[in-house]
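Coordinates from coords12.cif are shown below (mmCIF, C-alpha atoms).
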```
data_entry
loop_
_atom_site.label_atom_id
_atom_site.label_comp_id
_atom_site.auth_asym_id
_atom_site.auth_seq_id
_atom_site.Cartn_x
_atom_site.Cartn_y
_atom_site.Cartn_z
CA MET W 1 -21.30 35.76 18.01
CA ASP W 2 -21.89 38.26 15.20
CA THR W 3 -24.74 37.72 12.85
CA MET W 4 -25.49 39.12 9.43
CA SER W 5 -28.85 39.06 7.76
CA THR W 6 -29.67 38.50 4.13
CA ASP W 7 -33.10 38.64 2.57
CA THR W 8 -34.34 35.61 0.76
CA LYS W 9 -35.98 35.97 -2.62
CA GLN W 10 -39.34 35.28 -1.05
CA GLY W 11 -38.77 38.28 1.12
CA GLY W 12 -38.30 36.39 4.41
CA ALA W 13 -35.20 37.13 6.50
CA MET W 14 -32.61 34.35 6.72
CA HIS W 15 -30.28 34.73 9.66
CA TRP W 16 -26.73 34.00 8.63
CA HIS W 17 -24.33 33.49 11.49
CA VAL W 18 -20.63 34.10 11.03
CA ARG W 19 -18.47 31.00 11.43
CA LYS W 20 -15.01 29.97 10.33
CA LEU W 21 -14.53 27.61 7.44
CA LEU W 22 -11.18 25.91 8.01
CA THR W 23 -9.82 24.05 5.00
CA VAL W 24 -6.91 21.64 5.27
CA ILE W 25 -5.30 20.16 2.17
CA ALA W 26 -3.22 17.21 3.24
CA GLU W 27 -1.85 13.81 2.35
CA ALA W 28 -4.64 11.24 2.44
CA ALA W 29 -2.61 9.38 5.09
CA LEU W 30 -3.69 12.08 7.54
CA GLU W 31 -7.43 11.62 7.01
CA ARG W 32 -8.07 9.59 10.13
CA LYS W 33 -5.84 11.86 12.23
CA LEU W 34 -7.64 15.00 11.07
CA ILE W 35 -11.00 13.49 11.97
CA GLU W 36 -9.71 12.45 15.40
CA GLU W 37 -8.25 15.90 16.09
CA SER W 38 -11.56 17.55 15.13
CA LEU W 39 -13.69 15.24 17.24
CA ALA W 40 -11.34 15.73 20.19
CA LEU W 41 -12.03 19.48 20.00
CA GLY W 42 -15.78 18.92 19.86
CA ILE W 43 -16.07 19.70 16.15
CA GLY W 44 -18.55 17.05 15.12
CA GLY W 45 -18.94 17.68 11.40
CA TYR W 46 -16.49 17.59 8.53
CA THR W 47 -16.38 17.21 4.75
CA ILE W 48 -13.65 15.41 2.85
CA SER W 49 -12.96 15.32 -0.87
CA GLU W 50 -10.13 13.82 -2.86
CA VAL W 51 -8.08 16.40 -4.70
CA ARG W 52 -4.90 16.59 -6.71
CA GLY W 53 -2.40 19.30 -7.29
CA GLY W 54 1.21 20.32 -6.91
CA GLY W 55 3.38 22.39 -4.63
CA ALA W 56 6.39 22.27 -2.36
CA HIS W 57 6.19 18.49 -2.15
CA GLY W 58 6.05 18.02 -5.93
CA VAL W 59 3.08 16.96 -8.01
CA ARG W 60 0.59 14.87 -6.10
CA ALA W 61 -1.47 13.59 -9.01
CA GLY W 62 -3.48 11.12 -6.96
CA GLU W 63 -2.79 8.25 -9.34
CA TRP W 64 -2.45 5.57 -6.69
CA GLU W 65 -2.80 5.04 -2.96
CA GLY W 66 0.62 6.40 -2.08
CA GLU W 67 0.15 9.90 -3.36
CA ARG W 68 -3.47 10.73 -2.76
CA SER W 69 -4.39 14.08 -1.28
CA ILE W 70 -7.55 15.20 0.46
CA GLU W 71 -9.31 18.47 1.19
CA PHE W 72 -10.71 18.44 4.69
CA LYS W 73 -13.21 21.13 5.72
CA VAL W 74 -14.82 22.01 9.01
CA LEU W 75 -17.22 24.77 10.05
CA CYS W 76 -16.79 25.96 13.61
CA ASP W 77 -16.35 29.07 15.72
CA ALA W 78 -13.15 31.08 15.55
CA ASP W 79 -11.83 29.68 18.79
CA ALA W 80 -12.23 26.03 17.74
CA ALA W 81 -10.71 26.79 14.33
CA ASP W 82 -7.68 28.29 16.08
CA ARG W 83 -7.24 25.31 18.32
CA LEU W 84 -7.69 22.76 15.53
CA ALA W 85 -5.26 24.58 13.23
CA GLY W 86 -2.78 24.84 16.11
CA ALA W 87 -3.02 21.13 16.88
CA ILE W 88 -2.59 20.17 13.23
CA MET W 89 0.38 22.49 12.75
CA GLU W 90 2.05 21.27 15.92
CA ARG W 91 1.69 17.56 15.18
CA TYR W 92 1.86 17.22 11.41
CA SER W 93 3.36 20.26 9.70
CA ARG W 94 6.95 19.04 10.10
CA HIS W 95 6.68 15.81 8.15
CA PHE W 96 3.57 16.06 5.98
CA ALA W 97 2.50 17.98 2.91
CA LEU W 98 -0.04 20.38 4.39
CA VAL W 99 -1.90 23.58 3.51
CA LEU W 100 -4.31 25.32 5.87
CA TYR W 101 -6.48 28.34 5.29
CA THR W 102 -9.53 29.86 6.82
CA THR W 103 -12.29 32.22 5.82
CA ASP W 104 -15.43 33.70 7.34
CA VAL W 105 -18.66 32.23 6.07
CA GLY W 106 -22.33 32.62 6.91
CA VAL W 107 -24.18 29.57 8.19
CA LEU W 108 -27.73 28.79 9.10
CA ARG W 109 -28.52 26.85 12.26
CA SER W 110 -25.48 28.16 14.11
CA GLU W 111 -25.91 25.66 16.94
CA LYS W 112 -24.54 22.99 14.60
CA PHE W 113 -21.22 24.77 14.27
CA SER W 114 -20.38 26.12 17.72
CA MET Q 1 11.22 -16.27 -24.66
CA THR Q 2 7.42 -16.11 -24.53
CA LEU Q 3 6.02 -12.60 -24.67
CA ASP Q 4 3.95 -11.95 -21.59
CA PRO Q 5 1.03 -9.54 -22.08
CA VAL Q 6 1.29 -8.50 -18.44
CA ILE Q 7 4.83 -7.24 -19.04
CA LEU Q 8 4.02 -5.62 -22.38
CA PHE Q 9 1.22 -3.58 -20.80
CA PHE Q 10 3.54 -2.58 -17.96
CA LEU Q 11 6.09 -1.39 -20.52
CA LEU Q 12 3.39 0.52 -22.39
CA GLY Q 13 2.53 2.43 -19.21
CA LEU Q 14 6.20 3.04 -18.52
CA VAL Q 15 6.86 4.37 -22.02
CA ALA Q 16 3.71 6.53 -21.89
CA ARG Q 17 4.95 8.16 -18.67
CA LEU Q 18 8.46 8.68 -20.00
CA LEU Q 19 6.91 10.36 -23.07
CA LYS Q 20 4.93 12.57 -20.66
CA SER Q 21 1.64 11.30 -22.07
CA ASP Q 22 -1.58 12.48 -20.43
CA LEU Q 23 -2.68 8.84 -20.05
CA ARG Q 24 -4.02 8.03 -16.61
CA LEU Q 25 -6.35 5.40 -15.27
CA PRO Q 26 -9.19 7.02 -13.28
CA GLU Q 27 -8.60 6.48 -9.59
CA PRO Q 28 -11.94 4.65 -8.95
CA ILE Q 29 -11.08 2.15 -11.70
CA TYR Q 30 -7.67 1.54 -10.18
CA GLU Q 31 -9.34 1.07 -6.80
CA ALA Q 32 -11.97 -1.32 -8.21
CA LEU Q 33 -9.33 -3.30 -10.10
CA SER Q 34 -7.26 -3.80 -6.97
CA VAL Q 35 -10.33 -5.03 -5.05
CA TYR Q 36 -11.09 -7.40 -7.92
CA LEU Q 37 -7.52 -8.75 -8.14
CA LEU Q 38 -7.26 -9.36 -4.40
CA LEU Q 39 -10.63 -11.15 -4.24
CA ALA Q 40 -9.85 -13.25 -7.31
CA LEU Q 41 -6.50 -14.32 -5.88
CA GLY Q 42 -8.08 -15.19 -2.54
CA LEU Q 43 -10.98 -17.12 -4.08
CA LYS Q 44 -8.69 -19.14 -6.32
CA GLY Q 45 -6.51 -20.12 -3.38
CA GLY Q 46 -9.50 -20.84 -1.15
CA ILE Q 47 -11.11 -23.44 -3.40
CA GLU Q 48 -8.26 -25.86 -2.74
CA LEU Q 49 -7.45 -24.70 0.78
CA ALA Q 50 -10.10 -26.86 2.41
CA ARG Q 51 -8.39 -30.01 1.15
CA TYR Q 52 -5.23 -29.41 3.20
CA PRO Q 53 -5.17 -30.49 6.86
CA LEU Q 54 -4.29 -27.81 9.40
CA SER Q 55 -1.47 -30.04 10.73
CA GLN Q 56 0.28 -29.58 7.39
CA LEU Q 57 -0.45 -25.87 7.12
CA ALA Q 58 0.35 -24.76 10.69
CA PRO Q 59 4.15 -25.24 10.54
CA GLN Q 60 4.22 -23.54 7.13
CA ILE Q 61 2.22 -20.61 8.47
CA ALA Q 62 4.68 -20.23 11.37
CA ALA Q 63 7.69 -20.43 9.03
CA VAL Q 64 6.27 -17.81 6.65
CA VAL Q 65 5.47 -15.37 9.47
CA ALA Q 66 9.02 -15.87 10.83
CA LEU Q 67 10.37 -15.08 7.35
CA GLY Q 68 8.34 -11.87 7.37
CA CYS Q 69 9.96 -10.85 10.67
CA VAL Q 70 13.56 -11.75 9.75
CA LEU Q 71 13.74 -10.08 6.32
CA PRO Q 72 13.16 -6.52 7.55
CA LEU Q 73 15.80 -7.02 10.26
CA LEU Q 74 18.34 -8.01 7.62
CA ALA Q 75 17.38 -5.10 5.41
CA PHE Q 76 17.61 -2.71 8.35
CA MET Q 77 21.13 -3.87 9.23
CA VAL Q 78 22.32 -3.32 5.67
CA LEU Q 79 20.61 0.05 5.35
CA ARG Q 80 22.10 1.26 8.64
CA GLY Q 81 25.47 -0.45 8.44
CA VAL Q 82 26.34 -0.08 4.77
CA GLY Q 83 23.99 2.65 3.60
CA ARG Q 84 24.45 4.84 6.73
CA LEU Q 85 20.80 5.84 6.51
CA GLN Q 86 19.03 7.53 9.39
CA ARG Q 87 17.21 5.19 11.72
CA ALA Q 88 13.69 6.22 10.61
CA ASP Q 89 14.52 5.98 6.91
CA ALA Q 90 16.26 2.62 7.31
CA ALA Q 91 13.33 1.24 9.34
CA SER Q 92 10.78 2.49 6.81
CA ILE Q 93 12.59 1.01 3.82
CA ALA Q 94 13.11 -2.24 5.77
CA ALA Q 95 9.34 -2.40 6.37
CA HIS Q 96 8.69 -2.06 2.64
CA TYR Q 97 11.04 -4.97 1.89
CA GLY Q 98 9.71 -7.07 4.75
CA SER Q 99 6.16 -6.74 3.45
CA VAL Q 100 5.05 -7.96 0.04
CA SER Q 101 3.72 -6.75 -3.30
CA VAL Q 102 0.43 -8.39 -4.28
CA VAL Q 103 0.80 -7.40 -7.92
CA THR Q 104 4.25 -8.96 -8.14
CA PHE Q 105 2.68 -12.09 -6.66
CA ALA Q 106 -0.16 -12.04 -9.22
CA ALA Q 107 2.29 -11.61 -12.08
CA ALA Q 108 4.48 -14.42 -10.74
CA MET Q 109 1.44 -16.73 -10.43
CA THR Q 110 0.62 -16.20 -14.10
CA TRP Q 111 4.33 -16.64 -14.93
CA ILE Q 112 4.49 -20.11 -13.35
CA GLU Q 113 1.05 -21.09 -14.69
CA VAL Q 114 2.00 -20.26 -18.26
CA ARG Q 115 5.10 -22.44 -17.89
CA GLY Q 116 3.15 -25.31 -16.35
CA ILE Q 117 5.19 -25.28 -13.13
CA PRO Q 118 3.16 -27.09 -10.43
CA SER Q 119 2.33 -25.16 -7.25
CA GLU Q 120 0.25 -25.36 -4.09
CA ALA Q 121 -3.18 -23.77 -4.45
CA TYR Q 122 -3.10 -22.01 -1.08
CA LEU Q 123 -0.19 -19.65 -1.86
CA PRO Q 124 -2.38 -16.50 -1.55
CA LEU Q 125 -2.51 -17.35 2.15
CA PHE Q 126 1.23 -16.62 2.31
CA VAL Q 127 0.65 -13.18 0.81
CA ALA Q 128 -1.87 -12.36 3.51
CA LEU Q 129 0.51 -13.68 6.19
CA LEU Q 130 3.48 -11.69 4.91
CA GLU Q 131 1.73 -8.36 4.63
CA ALA Q 132 1.82 -7.34 8.30
CA PRO Q 133 4.98 -8.68 10.01
CA GLY Q 134 7.42 -6.56 7.99
CA ILE Q 135 5.48 -3.40 8.76
CA ILE Q 136 5.25 -4.16 12.50
CA VAL Q 137 8.99 -4.93 12.67
CA GLY Q 138 9.67 -1.72 10.72
CA VAL Q 139 7.72 0.36 13.24
CA LEU Q 140 9.50 -1.35 16.15
CA LEU Q 141 12.87 -0.70 14.51
CA ALA Q 142 12.04 2.97 14.06
CA ARG Q 143 10.66 3.48 17.54
CA GLY Q 144 12.69 1.00 19.54
CA ALA Q 145 10.96 -0.33 22.61
CA SER Q 146 10.35 3.24 23.75
CA GLY Q 147 7.49 3.93 21.38
CA GLY Q 148 4.99 2.28 23.67
CA ALA Q 149 2.75 -0.68 22.93
CA THR Q 150 -0.29 1.34 21.88
CA ARG Q 151 1.39 2.69 18.80
CA TRP Q 152 2.32 -0.59 17.20
CA VAL Q 153 -0.90 -2.27 18.30
CA GLY Q 154 -2.65 0.51 16.35
CA VAL Q 155 -0.43 -0.15 13.36
CA LEU Q 156 -1.08 -3.89 13.63
CA ARG Q 157 -4.83 -3.30 13.67
CA GLU Q 158 -4.60 -0.98 10.70
CA VAL Q 159 -2.59 -3.45 8.60
CA VAL Q 160 -4.61 -6.50 9.57
CA THR Q 161 -7.91 -4.74 8.87
CA GLY Q 162 -6.51 -3.16 5.71
CA LYS Q 163 -8.04 -3.79 2.32
CA SER Q 164 -5.54 -6.35 1.08
CA VAL Q 165 -5.59 -8.64 4.12
CA ILE Q 166 -9.40 -8.48 4.45
CA LEU Q 167 -9.95 -9.25 0.77
CA LEU Q 168 -7.33 -12.00 0.53
CA ILE Q 169 -8.44 -13.77 3.72
CA GLY Q 170 -12.09 -13.11 2.87
CA GLY Q 171 -11.59 -14.50 -0.63
CA LEU Q 172 -9.80 -17.56 0.76
CA ALA Q 173 -12.63 -18.19 3.24
CA ILE Q 174 -15.36 -17.73 0.64
CA GLY Q 175 -13.49 -19.89 -1.85
CA ALA Q 176 -13.03 -22.62 0.77
CA ALA Q 177 -16.71 -22.44 1.72
CA LEU Q 178 -17.91 -22.56 -1.90
CA GLY Q 179 -15.59 -25.27 -3.16
CA PRO Q 180 -15.04 -26.05 -6.85
CA THR Q 181 -18.74 -26.43 -7.71
CA GLY Q 182 -20.04 -23.55 -5.61
CA VAL Q 183 -17.60 -21.14 -7.23
CA LYS Q 184 -18.69 -22.07 -10.79
CA PRO Q 185 -21.28 -19.29 -11.27
CA ILE Q 186 -18.70 -16.59 -10.52
CA ALA Q 187 -15.74 -18.32 -12.14
CA PRO Q 188 -16.03 -16.55 -15.54
CA TRP Q 189 -15.89 -13.17 -13.82
CA PHE Q 190 -13.12 -13.89 -11.34
CA PHE Q 191 -10.92 -16.42 -13.13
CA ASP Q 192 -11.44 -16.15 -16.89
CA LEU Q 193 -11.18 -12.36 -16.90
CA PHE Q 194 -8.37 -12.23 -14.36
CA LYS Q 195 -5.45 -11.88 -16.71
CA GLY Q 196 -7.15 -9.16 -18.73
CA ALA Q 197 -7.81 -7.16 -15.58
CA LEU Q 198 -4.24 -7.69 -14.46
CA THR Q 199 -2.95 -6.17 -17.70
CA LEU Q 200 -4.96 -2.98 -17.06
CA PHE Q 201 -3.53 -2.81 -13.56
CA MET Q 202 -0.05 -3.26 -15.00
CA LEU Q 203 -0.61 -0.40 -17.41
CA GLU Q 204 -1.32 1.82 -14.42
CA LEU Q 205 1.71 0.52 -12.54
CA GLY Q 206 3.88 1.27 -15.55
CA LEU Q 207 2.73 4.88 -15.28
CA VAL Q 208 3.43 5.00 -11.54
CA THR Q 209 6.82 3.33 -11.97
CA GLY Q 210 7.76 5.77 -14.73
CA ARG Q 211 7.25 8.66 -12.37
CA GLN Q 212 9.33 7.06 -9.60
CA ILE Q 213 12.21 6.39 -11.98
CA GLY Q 214 12.46 10.14 -12.42
CA ALA Q 215 12.67 10.55 -8.65
CA LEU Q 216 15.56 8.06 -8.44
CA ARG Q 217 18.03 10.79 -9.35
CA THR Q 218 17.82 12.15 -5.82
CA SER Q 219 17.90 8.88 -3.88
CA GLY Q 220 21.53 8.01 -4.54
CA ALA Q 221 23.47 5.09 -5.98
CA PHE Q 222 23.43 3.03 -2.79
CA LEU Q 223 19.65 2.67 -2.80
CA VAL Q 224 19.56 1.75 -6.48
CA VAL Q 225 22.06 -1.07 -5.83
CA PHE Q 226 20.09 -2.00 -2.71
CA GLY Q 227 16.92 -2.20 -4.81
CA VAL Q 228 18.45 -4.91 -7.00
CA ALA Q 229 20.68 -6.73 -4.50
CA THR Q 230 17.95 -7.12 -1.87
CA PRO Q 231 15.47 -9.05 -4.05
CA LEU Q 232 18.31 -11.27 -5.30
CA ALA Q 233 19.41 -12.10 -1.73
CA PHE Q 234 15.90 -12.28 -0.21
CA GLY Q 235 14.72 -14.40 -3.15
CA LEU Q 236 17.41 -16.93 -2.31
CA ILE Q 237 16.30 -16.97 1.35
CA GLY Q 238 12.68 -17.47 0.26
CA ALA Q 239 13.63 -20.23 -2.18
CA ALA Q 240 15.66 -22.01 0.53
CA LEU Q 241 12.87 -21.74 3.10
CA GLY Q 242 10.30 -22.92 0.56
CA THR Q 243 12.46 -25.93 -0.25
CA LEU Q 244 12.95 -26.72 3.46
CA MET Q 245 9.19 -26.48 3.97
CA GLY Q 246 8.75 -29.11 1.29
CA LEU Q 247 6.92 -26.84 -1.15
CA SER Q 248 6.66 -27.77 -4.82
CA ALA Q 249 8.90 -26.05 -7.37
CA GLY Q 250 6.17 -23.50 -8.10
CA GLY Q 251 5.39 -22.96 -4.44
CA ALA Q 252 9.02 -22.36 -3.50
CA THR Q 253 9.44 -20.02 -6.48
CA ILE Q 254 6.42 -18.01 -5.34
CA LEU Q 255 7.75 -17.84 -1.77
CA ALA Q 256 11.04 -16.58 -3.24
CA VAL Q 257 9.13 -13.95 -5.22
CA LEU Q 258 7.25 -12.88 -2.08
CA ALA Q 259 10.50 -12.61 -0.12
CA ALA Q 260 12.06 -10.63 -2.97
CA SER Q 261 9.11 -8.28 -3.48
CA ALA Q 262 8.61 -5.02 -1.65
CA SER Q 263 5.28 -3.53 -0.63
CA TYR Q 264 4.25 -0.29 -2.29
CA ILE Q 265 0.69 0.01 -0.97
CA ALA Q 266 0.31 -1.22 2.61
CA ALA Q 267 3.82 -0.35 3.80
CA PRO Q 268 4.00 3.24 2.51
CA ALA Q 269 0.58 4.04 3.96
CA ALA Q 270 1.38 2.49 7.34
CA MET Q 271 4.87 3.97 7.61
CA ARG Q 272 3.66 7.44 6.62
CA VAL Q 273 1.47 7.55 9.71
CA ALA Q 274 3.56 5.46 12.14
CA VAL Q 275 6.98 6.86 11.21
CA PRO Q 276 6.23 10.28 9.67
CA GLU Q 277 9.84 11.45 9.92
CA ALA Q 278 10.91 8.80 7.40
CA ASN Q 279 11.20 10.36 3.96
CA PRO Q 280 8.92 8.62 1.41
CA GLY Q 281 11.06 10.28 -1.27
CA LEU Q 282 13.74 7.70 -0.38
CA SER Q 283 11.64 4.55 -0.11
CA LEU Q 284 9.13 4.87 -2.97
CA PRO Q 285 11.58 5.42 -5.84
CA VAL Q 286 13.64 2.37 -4.89
CA VAL Q 287 10.61 0.15 -4.21
CA LEU Q 288 8.63 1.17 -7.30
CA GLY Q 289 11.34 2.43 -9.60
CA VAL Q 290 13.87 -0.37 -9.07
CA THR Q 291 12.68 -3.46 -7.20
CA PHE Q 292 9.19 -3.76 -8.71
CA PRO Q 293 10.31 -3.60 -12.37
CA PHE Q 294 13.40 -5.71 -11.60
CA ASN Q 295 11.27 -8.53 -10.19
CA LEU Q 296 8.74 -8.28 -12.98
CA LEU Q 297 11.15 -8.12 -15.90
CA LEU Q 298 14.13 -10.16 -14.69
CA GLY Q 299 13.49 -11.67 -11.29
CA PHE Q 300 11.06 -14.57 -11.84
CA PRO Q 301 13.43 -16.78 -13.92
CA VAL Q 302 16.20 -16.13 -11.37
CA TYR Q 303 14.05 -17.23 -8.44
CA HIS Q 304 12.87 -20.27 -10.36
CA ALA Q 305 16.51 -21.12 -11.11
CA TYR Q 306 17.34 -20.84 -7.37
CA VAL Q 307 14.59 -23.37 -6.64
CA THR Q 308 15.61 -25.74 -9.42
CA TRP Q 309 19.19 -25.65 -8.09
CA LEU Q 310 18.16 -26.08 -4.43
CA GLN Q 311 15.71 -28.88 -5.13
CA ALA Q 312 18.09 -30.81 -7.40
#
```
Translate the structure described by the file into structure tokens.
Amino acid sequence: MDTMSTDTKQGGAMHWHVRKLLTVIAEAALERKLIEESLALGIGGYTISEVRGGGAHGVRAGEWEGERSIEFKVLCDADAADRLAGAIMERYSRHFALVLYTTDVGVLRSEKFS
Amino acid sequence: MTLDPVILFFLLGLVARLLKSDLRLPEPIYEALSVYLLLALGLKGGIELARYPLSQLAPQIAAVVALGCVLPLLAFMVLRGVGRLQRADAASIAAHYGSVSVVTFAAAMTWIEVRGIPSEAYLPLFVALLEAPGIIVGVLLARGASGGATRWVGVLREVVTGKSVILLIGGLAIGAALGPTGVKPIAPWFFDLFKGALTLFMLELGLVTGRQIGALRTSGAFLVVFGVATPLAFGLIGAALGTLMGLSAGGATILAVLAASASYIAAPAAMRVAVPEANPGLSLPVVLGVTFPFNLLLGFPVYHAYVTWLQA
């Protein structure tokens, strides 16, 4: 795994390890499924927030239970991100409002996000 | 005609949405209000529940659960046979109509109370009983027997452990345990403020309904007619069953309202996951844009008239 280093202000070297941040914006109905898919791939950590917005499936203003949307984020290695995104696309992309994107980020304590 | 604040607030929300106002109730407040309403309904029913012997309640419980299983089957046959809807869509809409709307129930309870129509105190129990069967039958209709047992057992668990059933049953149990004196310290919060809280909830539902009315344009004339005809027919079935069960005029009216109402919280959430190929763009506009306002604005007197006629 590649690493990049950045100096802290105190002058000590922090070791930033490159990981993938995979973000999934989805209907809130998928929350439990997304967690299960992640855990099944050994991705143990995730962050969820409630969001609202609009797109191909119209405006999802999050006004009541039926139209809530969530942003689901995981940090993992590139391989796990690939497999999770693949599983989500295969099982849910046909019938659910879904957006996925990924980006490289630097993390500390890389063992948490393997 | 007495002006009902619950309905006026609903209309205010509706008008605000149609005027494209920026009015919205913050989501956590909506969430807290729904927890409050469910608990208050449960508590109120529970206080009196302990006075009824199980031998009287058990046959009623069985009859109400059977009602919850039969209604979605009827809806499914009409949606498939007359509406020519796809299997998944018909099953999903049938599940919505088999399950119940708690807010419609709350509004109907205040409607009969204002008019002094006597009713059984344990009616919230019926709401809790009717929540799940329609959804389970809907999933079975969509999947057939081929879907495997695990899937609908999962759905059953999700519905039975869902917020509304837990809070209604929990409220009933706590109310029964506390009794009329035990509940006194919390009565101002749960009972005296109830109608005020319900009006806020109705304001929000007016906003939500206003949006779904816009979506009706794409769902077709059949579903709009279905959204009015179904509550009228199911209300009659509920009124007849309530009368056969020996319920009071208020009790039978409420059972008619429950039969006529369609779920817009538990059913959409459960069907979205269990039957993802069903299009929520078909079910939600008819449930929220047609049936919910129809019951609220016009339905209650009709269902009460059914009962008066049947019990005469």
Quiz prompt | Distance query Ala305 in chain Q at most 12 Å, all atoms listed in the file, self and fewer than 3 positions along chain excluded, as a list in words | solution =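 With the cut-off at 12 Å, the set is Leu232, Gly235, Leu236, Ala239, Ala240, Ala249, Gly250, Ala252, Thr253, Ala256, Val257, Leu298, Gly299, Phe300, Pro301, Val302, Thr308, Trp309, Leu310, Gln311 and Ala312 of chain Q.
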Would you export the selected residues with C-alpha atoms as an mmCIF file, keeping the file's coordinate frame, please?
```cif
data_model
loop_
_atom_site.group_PDB
_atom_site.id
_atom_site.type_symbol
_atom_site.label_atom_id
_atom_site.label_comp_id
_atom_site.auth_asym_id
_atom_site.auth_seq_id
_atom_site.Cartn_x
_atom_site.Cartn_y
_atom_site.Cartn_z
ATOM 1 C CA LEU Q 232 18.310 -11.270 -5.300
ATOM 2 C CA GLY Q 235 14.720 -14.400 -3.150
ATOM 3 C CA LEU Q 236 17.410 -16.930 -2.310
ATOM 4 C CA ALA Q 239 13.630 -20.230 -2.180
ATOM 5 C CA ALA Q 240 15.660 -22.010 0.530
ATOM 6 C CA ALA Q 249 8.900 -26.050 -7.370
ATOM 7 C CA GLY Q 250 6.170 -23.500 -8.100
ATOM 8 C CA ALA Q 252 9.020 -22.360 -3.500
ATOM 9 C CA THR Q 253 9.440 -20.020 -6.480
ATOM 10 C CA ALA Q 256 11.040 -16.580 -3.240
ATOM 11 C CA VAL Q 257 9.130 -13.950 -5.220
ATOM 12 C CA LEU Q 298 14.130 -10.160 -14.690
ATOM 13 C CA GLY Q 299 13.490 -11.670 -11.290
ATOM 14 C CA PHE Q 300 11.060 -14.570 -11.840
ATOM 15 C CA PRO Q 301 13.430 -16.780 -13.920
ATOM 16 C CA VAL Q 302 16.200 -16.130 -11.370
ATOM 17 C CA THR Q 308 15.610 -25.740 -9.420
ATOM 18 C CA TRP Q 309 19.190 -25.650 -8.090
ATOM 19 C CA LEU Q 310 18.160 -26.080 -4.430
ATOM 20 C CA GLN Q 311 15.710 -28.880 -5.130
ATOM 21 C CA ALA Q 312 18.090 -30.810 -7.400
#
```
Practice problem: Could you tell me which residues the PyMOL selection byres ((chain W and resi 98) around 9) returns for this structure, as a list in words? | Solution: Val24, Ile25, Ala26, Glu27, Met89, Tyr92, Ser93, His95, Phe96, Ala97, Val99 and Leu100 of chain W
Exercise. Go through W:Asp77, W:Glu67, W:Glu37, W:Asp104 and flag the residue nearest chain Q, using only C-alpha atoms for the distances.
Key: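 Nearest candidate to chain Q out of W:Asp77, W:Glu67, W:Glu37, W:Asp104: W:Glu67.
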Quiz prompt | Residue nearest Arg60 in chain W among Q:Ser263, Q:Arg211, Q:Leu255, Q:Thr181 (counting only C-alpha atoms) | solution = Q:Arg211
Quiz item: Given a cut-off of 8 Å, which residues of chain Q touch chain W, counting only C-alpha atoms, written out as a VMD selection string?
Solution: chain Q and resid 24 to 27 30 208 264 to 265 268 to 269 272 to 273 276 to 277
Quiz prompt | Residue IDs satisfying the PyMOL selection byres ((chain W and resi 75) around 6), as a ChimeraX atom specification | solution = /W:20-21,74,76,113
Quiz prompt | Hits from the PyMOL selection byres ((chain Q and resi 190) around 12), listed as number ranges by chain | solution = Q: 33, 35-44, 171, 175, 183-189, 191-198
Mind writing the picked residues with C-alpha atoms as a short mmCIF file (atom, residue, chain, number, x, y, z; two decimals), in the coordinates of the input?
```
data_model
loop_
_atom_site.label_atom_id
_atom_site.label_comp_id
_atom_site.auth_asym_id
_atom_site.auth_seq_id
_atom_site.Cartn_x
_atom_site.Cartn_y
_atom_site.Cartn_z
CA LEU Q 33 -9.33 -3.30 -10.10
CA VAL Q 35 -10.33 -5.03 -5.05
CA TYR Q 36 -11.09 -7.40 -7.92
CA LEU Q 37 -7.52 -8.75 -8.14
CA LEU Q 38 -7.26 -9.36 -4.40
CA LEU Q 39 -10.63 -11.15 -4.24
CA ALA Q 40 -9.85 -13.25 -7.31
CA LEU Q 41 -6.50 -14.32 -5.88
CA GLY Q 42 -8.08 -15.19 -2.54
CA LEU Q 43 -10.98 -17.12 -4.08
CA LYS Q 44 -8.69 -19.14 -6.32
CA GLY Q 171 -11.59 -14.50 -0.63
CA GLY Q 175 -13.49 -19.89 -1.85
CA VAL Q 183 -17.60 -21.14 -7.23
CA LYS Q 184 -18.69 -22.07 -10.79
CA PRO Q 185 -21.28 -19.29 -11.27
CA ILE Q 186 -18.70 -16.59 -10.52
CA ALA Q 187 -15.74 -18.32 -12.14
CA PRO Q 188 -16.03 -16.55 -15.54
CA TRP Q 189 -15.89 -13.17 -13.82
CA PHE Q 191 -10.92 -16.42 -13.13
CA ASP Q 192 -11.44 -16.15 -16.89
CA LEU Q 193 -11.18 -12.36 -16.90
CA PHE Q 194 -8.37 -12.23 -14.36
CA LYS Q 195 -5.45 -11.88 -16.71
CA GLY Q 196 -7.15 -9.16 -18.73
CA ALA Q 197 -7.81 -7.16 -15.58
CA LEU Q 198 -4.24 -7.69 -14.46
#
```
Exercise. Determine the nearest neighbour of Ala13 in chain W from the options W:Ile35, W:Leu108, W:Gly44, W:Arg91, counting all atoms listed in the file.
Key: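 Residue with the minimum atom-to-atom distance to Ala13 in chain W: W:Leu108.
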